[in-house]
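As stored in my_file_19.txt (compact mmCIF, C-alpha atoms and all ligand atoms):
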```txt
# COMPACT_ATOMS: atom_id res chain seq x y z
CA MET A 11 -3.62 -17.56 -0.52
CA ARG A 12 -1.20 -15.10 -2.20
CA VAL A 13 -2.70 -11.75 -3.14
CA LEU A 14 -1.38 -8.27 -3.88
CA PHE A 15 -3.05 -4.87 -3.94
CA LEU A 16 -2.49 -2.26 -6.65
CA GLY A 17 -3.90 1.23 -6.80
CA ALA A 18 -3.05 4.90 -6.54
CA PRO A 19 -1.78 6.44 -3.29
CA GLY A 20 -4.74 6.62 -0.93
CA ALA A 21 -6.83 4.10 -2.88
CA GLY A 22 -7.21 2.09 0.33
CA LYS A 23 -4.58 -0.62 -0.29
CA GLY A 24 -3.26 -0.61 3.28
CA THR A 25 -6.74 -0.62 4.81
CA GLN A 26 -8.03 -3.47 2.65
CA ALA A 27 -4.79 -5.48 2.77
CA ALA A 28 -4.87 -5.44 6.58
CA LEU A 29 -8.52 -6.60 6.64
CA LEU A 30 -7.92 -9.37 4.12
CA ALA A 31 -4.71 -10.61 5.77
CA ARG A 32 -6.52 -10.83 9.10
CA ARG A 33 -9.38 -12.76 7.50
CA LEU A 34 -7.02 -15.17 5.70
CA GLY A 35 -4.63 -15.51 8.66
CA VAL A 36 -1.57 -14.61 6.55
CA PRO A 37 1.03 -11.82 6.94
CA HIS A 38 0.35 -8.34 5.57
CA LEU A 39 3.52 -7.03 3.93
CA SER A 40 3.52 -3.30 3.15
CA THR A 41 6.70 -1.92 1.58
CA GLY A 42 5.67 1.61 2.65
CA ASP A 43 5.32 0.44 6.29
CA LEU A 44 8.68 -1.38 6.13
CA PHE A 45 10.39 1.78 4.85
CA ARG A 46 8.70 4.00 7.48
CA GLN A 47 9.84 1.58 10.20
CA ALA A 48 13.41 1.67 8.83
CA VAL A 49 13.30 5.50 8.80
CA ARG A 50 12.08 5.55 12.45
CA GLU A 51 14.86 3.17 13.49
CA GLY A 52 17.48 5.20 11.56
CA THR A 53 18.87 2.12 9.75
CA PRO A 54 21.00 2.48 6.55
CA LEU A 55 17.93 1.31 4.56
CA GLY A 56 15.79 3.99 6.23
CA ARG A 57 18.35 6.70 5.50
CA GLU A 58 18.48 5.67 1.85
CA ALA A 59 14.67 5.48 1.48
CA GLN A 60 13.80 8.71 3.28
CA ALA A 61 14.95 11.17 0.62
CA TYR A 62 12.90 9.40 -2.05
CA MET A 63 9.81 9.15 0.16
CA ASP A 64 9.95 12.83 1.16
CA ARG A 65 9.91 13.83 -2.52
CA GLY A 66 7.11 11.39 -3.38
CA GLU A 67 9.48 9.42 -5.63
CA LEU A 68 9.98 5.65 -5.75
CA VAL A 69 12.84 3.98 -3.88
CA PRO A 70 15.16 2.24 -6.44
CA ASP A 71 13.97 -1.20 -7.59
CA ALA A 72 17.07 -3.09 -6.41
CA VAL A 73 16.59 -1.84 -2.82
CA VAL A 74 12.86 -2.72 -2.70
CA VAL A 75 13.22 -6.09 -4.41
CA GLY A 76 15.97 -7.18 -2.01
CA MET A 77 13.86 -6.20 1.00
CA VAL A 78 10.74 -8.02 -0.26
CA ARG A 79 12.68 -11.13 -1.26
CA GLU A 80 14.02 -11.40 2.28
CA ARG A 81 10.52 -11.00 3.78
CA LEU A 82 8.94 -13.63 1.52
CA GLN A 83 11.27 -16.44 2.58
CA GLY A 84 9.33 -19.15 4.39
CA GLU A 85 5.89 -17.58 3.73
CA THR A 86 3.30 -19.79 2.02
CA GLY A 87 0.60 -17.11 2.01
CA PHE A 88 0.69 -13.31 2.12
CA VAL A 89 -1.07 -10.09 1.23
CA LEU A 90 1.30 -7.59 -0.41
CA ASP A 91 0.52 -3.88 -0.41
CA GLY A 92 2.56 -1.23 -2.26
CA PHE A 93 4.62 -3.81 -4.18
CA PRO A 94 5.21 -4.22 -7.09
CA ARG A 95 5.14 -0.63 -8.29
CA THR A 96 7.19 -0.90 -11.49
CA LEU A 97 7.42 -3.50 -14.25
CA PRO A 98 10.93 -4.62 -13.13
CA GLN A 99 9.52 -5.18 -9.62
CA ALA A 100 6.60 -7.21 -11.05
CA ARG A 101 9.01 -9.38 -13.06
CA ALA A 102 11.28 -9.87 -10.03
CA LEU A 103 8.31 -10.96 -7.90
CA GLU A 104 7.16 -13.41 -10.58
CA GLU A 105 10.65 -14.95 -10.70
CA GLU A 106 10.91 -15.17 -6.92
CA LEU A 107 7.49 -16.84 -6.59
CA ALA A 108 8.46 -19.32 -9.34
CA VAL A 109 11.57 -20.25 -7.32
CA LEU A 110 9.41 -20.69 -4.21
CA ALA A 111 6.84 -22.72 -6.28
CA ALA A 112 4.18 -20.39 -4.84
CA PRO A 113 2.38 -18.61 -7.70
CA LEU A 114 0.26 -15.53 -7.13
CA ASP A 115 -3.53 -16.07 -6.89
CA ALA A 116 -4.70 -12.54 -7.70
CA ALA A 117 -3.76 -8.86 -8.10
CA VAL A 118 -6.54 -6.60 -6.83
CA LEU A 119 -6.64 -3.12 -8.41
CA LEU A 120 -8.56 -0.63 -6.24
CA GLU A 121 -10.07 2.13 -8.40
CA VAL A 122 -10.77 5.52 -6.80
CA PRO A 123 -11.16 8.95 -8.50
CA GLU A 124 -8.38 11.49 -7.84
CA GLU A 125 -10.54 14.07 -6.04
CA LEU A 126 -11.46 11.44 -3.42
CA ILE A 127 -7.81 10.39 -3.09
CA LEU A 128 -6.79 13.93 -2.16
CA ARG A 129 -9.54 14.04 0.45
CA ARG A 130 -8.50 10.69 1.87
CA LEU A 131 -4.78 11.45 2.09
CA THR A 132 -4.80 14.98 3.44
CA ALA A 133 -6.94 13.88 6.43
CA ARG A 134 -5.21 10.54 7.08
CA ARG A 135 -3.63 10.02 10.51
CA LEU A 136 -1.52 7.12 11.77
CA CYS A 137 -0.63 5.78 15.18
CA ARG A 138 3.03 6.30 16.07
CA SER A 139 3.07 3.15 18.23
CA CYS A 140 1.07 0.47 16.37
CA GLY A 141 0.65 1.93 12.85
CA ALA A 142 -3.20 1.83 12.87
CA VAL A 143 -4.69 4.07 10.15
CA TYR A 144 -7.46 6.65 10.73
CA HIS A 145 -9.21 9.36 8.76
CA LEU A 146 -10.42 12.55 10.43
CA GLU A 147 -13.74 12.41 8.56
CA PHE A 148 -14.33 8.79 7.41
CA HIS A 149 -12.72 6.82 10.27
CA PRO A 150 -12.07 9.19 13.19
CA PRO A 151 -10.49 7.98 16.45
CA ARG A 152 -12.81 7.95 19.51
CA ILE A 153 -10.49 10.37 21.37
CA PRO A 154 -9.01 13.05 19.08
CA GLY A 155 -5.27 12.54 18.52
CA ARG A 156 -5.19 9.12 20.27
CA CYS A 157 -5.24 5.58 18.85
CA ASP A 158 -8.37 3.51 19.71
CA ARG A 159 -6.29 0.31 19.85
CA CYS A 160 -3.28 1.26 21.96
CA GLY A 161 -3.73 4.91 23.03
CA GLY A 162 -0.65 5.94 20.98
CA GLU A 163 -0.20 9.42 19.55
CA LEU A 164 -1.62 10.03 16.04
CA TYR A 165 0.47 11.87 13.42
CA GLN A 166 0.29 12.96 9.80
CA ARG A 167 2.70 11.43 7.25
CA ASP A 168 5.11 14.01 5.75
CA ASP A 169 4.30 12.78 2.23
CA ASP A 170 0.55 13.38 2.76
CA ARG A 171 0.96 17.13 2.11
CA GLU A 172 -0.99 18.13 -0.98
CA GLU A 173 2.04 19.00 -3.13
CA THR A 174 3.75 15.66 -2.41
CA VAL A 175 0.48 13.77 -2.95
CA ARG A 176 0.24 15.34 -6.44
CA ARG A 177 3.81 14.19 -7.21
CA ARG A 178 3.00 10.66 -5.94
CA LEU A 179 -0.05 10.55 -8.23
CA GLU A 180 2.13 11.56 -11.20
CA VAL A 181 4.66 8.84 -10.37
CA TYR A 182 1.78 6.36 -10.04
CA ARG A 183 0.45 7.20 -13.50
CA GLN A 184 3.90 6.88 -15.10
CA GLU A 185 5.42 3.93 -13.26
CA THR A 186 2.75 1.87 -11.58
CA ALA A 187 -0.32 2.01 -13.84
CA PRO A 188 1.43 -0.29 -16.43
CA VAL A 189 1.79 -2.97 -13.73
CA ALA A 190 -2.00 -3.56 -13.91
CA GLN A 191 -1.62 -4.58 -17.58
CA PHE A 192 1.16 -7.01 -16.58
CA TYR A 193 -1.31 -8.87 -14.36
CA ARG A 194 -4.21 -8.50 -16.81
CA ASP A 195 -2.08 -10.30 -19.42
CA ARG A 196 -1.68 -13.20 -16.97
CA GLY A 197 -5.41 -13.39 -16.14
CA LEU A 198 -4.75 -12.40 -12.51
CA LEU A 199 -6.13 -8.83 -12.39
CA ARG A 200 -9.31 -8.18 -10.35
CA GLN A 201 -10.59 -4.60 -10.73
CA VAL A 202 -12.55 -3.42 -7.69
CA ASP A 203 -14.44 -0.16 -7.13
CA GLY A 204 -12.62 1.38 -4.13
CA THR A 205 -15.25 4.03 -3.34
CA GLY A 206 -17.80 3.68 -0.52
CA SER A 207 -17.21 2.58 3.06
CA GLU A 208 -14.33 0.31 4.13
CA GLU A 209 -16.88 -2.49 4.71
CA GLU A 210 -18.43 -2.09 1.25
CA VAL A 211 -15.02 -2.22 -0.42
CA SER A 212 -14.03 -5.21 1.70
CA HIS A 213 -17.14 -7.13 0.50
CA ARG A 214 -16.30 -6.29 -3.12
CA VAL A 215 -12.72 -7.51 -2.63
CA ALA A 216 -13.93 -10.78 -1.07
CA SER A 217 -16.34 -11.42 -3.91
CA ALA A 218 -13.70 -10.56 -6.55
CA LEU A 219 -11.52 -13.23 -4.91
CA GLY A 220 -14.42 -15.71 -4.84
CA ARG A 221 -14.54 -15.84 -1.03
P1 LIG B 301 3.12 3.63 0.59
O1 LIG B 301 3.04 3.73 2.05
O2 LIG B 301 2.92 2.31 -0.06
O3 LIG B 301 2.15 4.74 0.00
P2 LIG B 301 1.07 4.71 -1.17
O4 LIG B 301 1.08 3.60 -2.16
O5 LIG B 301 1.24 6.06 -1.74
O6 LIG B 301 -0.19 4.33 -0.49
P3 LIG B 301 -0.80 4.98 0.78
O7 LIG B 301 -0.25 4.31 1.99
O8 LIG B 301 -0.68 6.48 0.71
O9 LIG B 301 -2.34 4.69 0.57
P4 LIG B 301 -3.20 3.36 0.64
O10 LIG B 301 -3.67 3.00 -0.72
O11 LIG B 301 -2.50 2.29 1.41
O12 LIG B 301 -4.44 3.93 1.43
P5 LIG B 301 -4.90 3.75 2.98
O13 LIG B 301 -5.48 2.40 3.16
O14 LIG B 301 -3.82 4.18 3.92
O15 LIG B 301 4.52 4.19 0.07
C1 LIG B 301 5.09 5.39 0.56
C2 LIG B 301 6.40 5.64 -0.16
O16 LIG B 301 7.33 4.55 0.09
C3 LIG B 301 6.33 5.75 -1.68
O17 LIG B 301 5.96 7.05 -2.11
C4 LIG B 301 7.76 5.36 -2.07
O18 LIG B 301 8.65 6.42 -1.89
C5 LIG B 301 8.09 4.26 -1.08
N1 LIG B 301 7.73 2.92 -1.58
C6 LIG B 301 6.80 2.07 -1.02
N2 LIG B 301 6.72 0.94 -1.75
C7 LIG B 301 7.60 1.08 -2.80
C8 LIG B 301 7.93 0.26 -3.90
N3 LIG B 301 7.37 -0.96 -4.09
N4 LIG B 301 8.84 0.72 -4.78
C9 LIG B 301 9.43 1.92 -4.61
N5 LIG B 301 9.16 2.75 -3.58
C10 LIG B 301 8.23 2.34 -2.67
O19 LIG B 301 -6.10 4.84 3.01
C11 LIG B 301 -5.84 6.22 2.88
C12 LIG B 301 -6.80 7.01 3.81
O20 LIG B 301 -8.16 6.79 3.39
C13 LIG B 301 -6.76 6.56 5.28
O21 LIG B 301 -6.95 7.68 6.09
C14 LIG B 301 -7.95 5.58 5.43
O22 LIG B 301 -8.48 5.58 6.75
C15 LIG B 301 -8.94 6.19 4.42
N6 LIG B 301 -9.75 5.15 3.78
C16 LIG B 301 -9.33 3.94 3.27
N7 LIG B 301 -10.37 3.27 2.72
C17 LIG B 301 -11.48 4.09 2.87
C18 LIG B 301 -12.85 3.97 2.51
N8 LIG B 301 -13.32 2.90 1.85
N9 LIG B 301 -13.68 4.99 2.82
C19 LIG B 301 -13.23 6.09 3.46
N10 LIG B 301 -11.94 6.26 3.83
C20 LIG B 301 -11.07 5.29 3.54
```

Represent the structure from my file as structure tokens, please.
Amino acid sequence: MRVLFLGAPGAGKGTQAALLARRLGVPHLSTGDLFRQAVREGTPLGREAQAYMDRGELVPDAVVVGMVRERLQGETGFVLDGFPRTLPQARALEEELAVLAAPLDAAVLLEVPEELILRRLTARRLCRSCGAVYHLEFHPPRIPGRCDRCGGELYQRDDDREETVRRRLEVYRQETAPVAQFYRDRGLLRQVDGTGSEEEVSHRVASALGR
């Protein structure tokens, strides 16, 4: 199955994409995670992406599309998270999947009000070693500051500061919201209420996908 997640920063795309990919047994491809890994490793891609990410702006389309195209080679199923984020990215993905003769099955739009998004992002923590995602209130680690899975150190993303979150939300409204219409026009959009517990949202996603 080939599915992608749309939604504002903090809507729960990463959380739900990871759950769904595990259930389907397909790779979870997150452009945000790929950029953060490149930044950590200090690669040319990471150096280019970092300035945009720190400001809450989008990395240029050509850079993102090239990276995703490379990752999709040889994959028959996937769950994409954080891509596409602009109409040119959506068109590039459609063309690439046509070449691979592997059309998209669904685009899931997670809908969450902005006041909840701010609460989710400012208390999000990630594991430095394995990337697992926590929330100080909604999904706290068993030992404060340590990952349940691997014991790694938890940290806060630089772009989760309130001012940067507000900029990311603005960019989302301008650049990414129109992408939902692109998929609606193709009959692929599945709108899902992203509020409630992770399990509740996961059930809604499964039923929107008919699984
Ligand atoms: P990216 O990492 O993709 O950031 P984002 O889209 O802003 O999304 P987030 O990761 O902030 O949120 P999410 O929706 O995945 O929520 P999560 O599941 O973590 O991108 C970062 C940057 O990279 C961009 O700003 C841009 O610069 C660049 N970039 C990436 N892709 C790009 C592209 N295609 N084009 C151009 N530039 C690109 O959940 C958030 C928190 O809420 C967590 O703490 C979680 O535990 C908690 N939570 C989740 N679900 C629930 C629930 N149901 N109940 C309670 N808490 C919950």

Discussion item. Taking only C-alpha atoms and all ligand atoms and a cut-off of 7 Å, can you tell me which residues surround ligand LIG 301 (chain B), written as number ranges by chain?
Written reply: A: 17-26, 40-43, 45, 59, 62-63, 66-71, 74, 91-95, 130-131, 133-135, 143-145, 148-149, 178, 204-208, 211

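Counting all atoms listed in the file and comparing A:Leu199, A:Pro154, A:Glu51, A:Arg12, the residue that lies closest to Leu107 in chain A is A:Arg12.
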
Practice prompt. Pick out the residues sitting within 12 Å of Ala187 in chain A, and hand them over as a ChimeraX atom specification; count only C-alpha atoms, and ignore anything fewer than 6 positions along from it in its own chain.
Written response: /A:16-19,94-97,100,119-121,179-181,193-194

Worksheet, complete the sentence: Among A:Leu110, A:Pro54, A:Gln201, A:Gly161, Arg79 in chain A is approached most closely, using only C-alpha atoms, by A:Leu110

Worksheet item: By how many Å are CA of Gly162 in chain A and CA of Cys137 in chain A apart?
Response: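 For CA of Gly162 in chain A relative to CA of Cys137 in chain A, the distance reads 5.8 Å.
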
Worksheet item: Can you list, as a ChimeraX atom specification, every protein, DNA or RNA residue that comes within 12 Å of Ser217 in chain A when you count only C-alpha atoms, leaving out same-chain residues fewer than 6 positions away?
Response: /A:30,118,200-203,210-211

Just C-alpha atoms for this one: save the residues we selected as a CSV table (one decimal), in the coordinates of the input.
```
chain,number,residue,atom,x,y,z
A,30,LEU,CA,-7.9,-9.4,4.1
A,118,VAL,CA,-6.5,-6.6,-6.8
A,200,ARG,CA,-9.3,-8.2,-10.4
A,201,GLN,CA,-10.6,-4.6,-10.7
A,202,VAL,CA,-12.6,-3.4,-7.7
A,203,ASP,CA,-14.4,-0.2,-7.1
A,210,GLU,CA,-18.4,-2.1,1.2
A,211,VAL,CA,-15.0,-2.2,-0.4
```

Worksheet entry | Atom pair CA of Asp170 in chain A / CA of Ala190 in chain A: separation (Å) | 23.9 Å

Would you list the contacts of Gly87 in chain A as an mmCIF file with C-alpha atoms, keeping the file's coordinate frame, taking every protein, DNA or RNA residue within 12 Å and counting only C-alpha atoms, but skipping same-chain residues closer than 4 positions in sequence?
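Result file follows (around_23.cif):
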```cif
data_model
loop_
_atom_site.group_PDB
_atom_site.id
_atom_site.type_symbol
_atom_site.label_atom_id
_atom_site.label_comp_id
_atom_site.auth_asym_id
_atom_site.auth_seq_id
_atom_site.Cartn_x
_atom_site.Cartn_y
_atom_site.Cartn_z
ATOM 1 C CA MET A 11 -3.620 -17.560 -0.520
ATOM 2 C CA ARG A 12 -1.200 -15.100 -2.200
ATOM 3 C CA VAL A 13 -2.700 -11.750 -3.140
ATOM 4 C CA LEU A 14 -1.380 -8.270 -3.880
ATOM 5 C CA LEU A 30 -7.920 -9.370 4.120
ATOM 6 C CA ALA A 31 -4.710 -10.610 5.770
ATOM 7 C CA ARG A 32 -6.520 -10.830 9.100
ATOM 8 C CA LEU A 34 -7.020 -15.170 5.700
ATOM 9 C CA GLY A 35 -4.630 -15.510 8.660
ATOM 10 C CA VAL A 36 -1.570 -14.610 6.550
ATOM 11 C CA PRO A 37 1.030 -11.820 6.940
ATOM 12 C CA HIS A 38 0.350 -8.340 5.570
ATOM 13 C CA LEU A 39 3.520 -7.030 3.930
ATOM 14 C CA ARG A 81 10.520 -11.000 3.780
ATOM 15 C CA LEU A 82 8.940 -13.630 1.520
ATOM 16 C CA GLN A 83 11.270 -16.440 2.580
ATOM 17 C CA LEU A 107 7.490 -16.840 -6.590
ATOM 18 C CA LEU A 110 9.410 -20.690 -4.210
ATOM 19 C CA ALA A 111 6.840 -22.720 -6.280
ATOM 20 C CA ALA A 112 4.180 -20.390 -4.840
ATOM 21 C CA PRO A 113 2.380 -18.610 -7.700
ATOM 22 C CA LEU A 114 0.260 -15.530 -7.130
ATOM 23 C CA ASP A 115 -3.530 -16.070 -6.890
ATOM 24 C CA ALA A 116 -4.700 -12.540 -7.700
#
```

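Taking CA of Asp64 in chain A and CA of Glu185 in chain A as endpoints, the distance between them is 17.5 Å.
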
Practice prompt. Do a neighbour search on Gly155 in chain A at 8 Å with only C-alpha atoms, toss out local chain neighbours closer than 3 positions, and write the hits as a ChimeraX atom specification.
Written response: /A:151,163-165
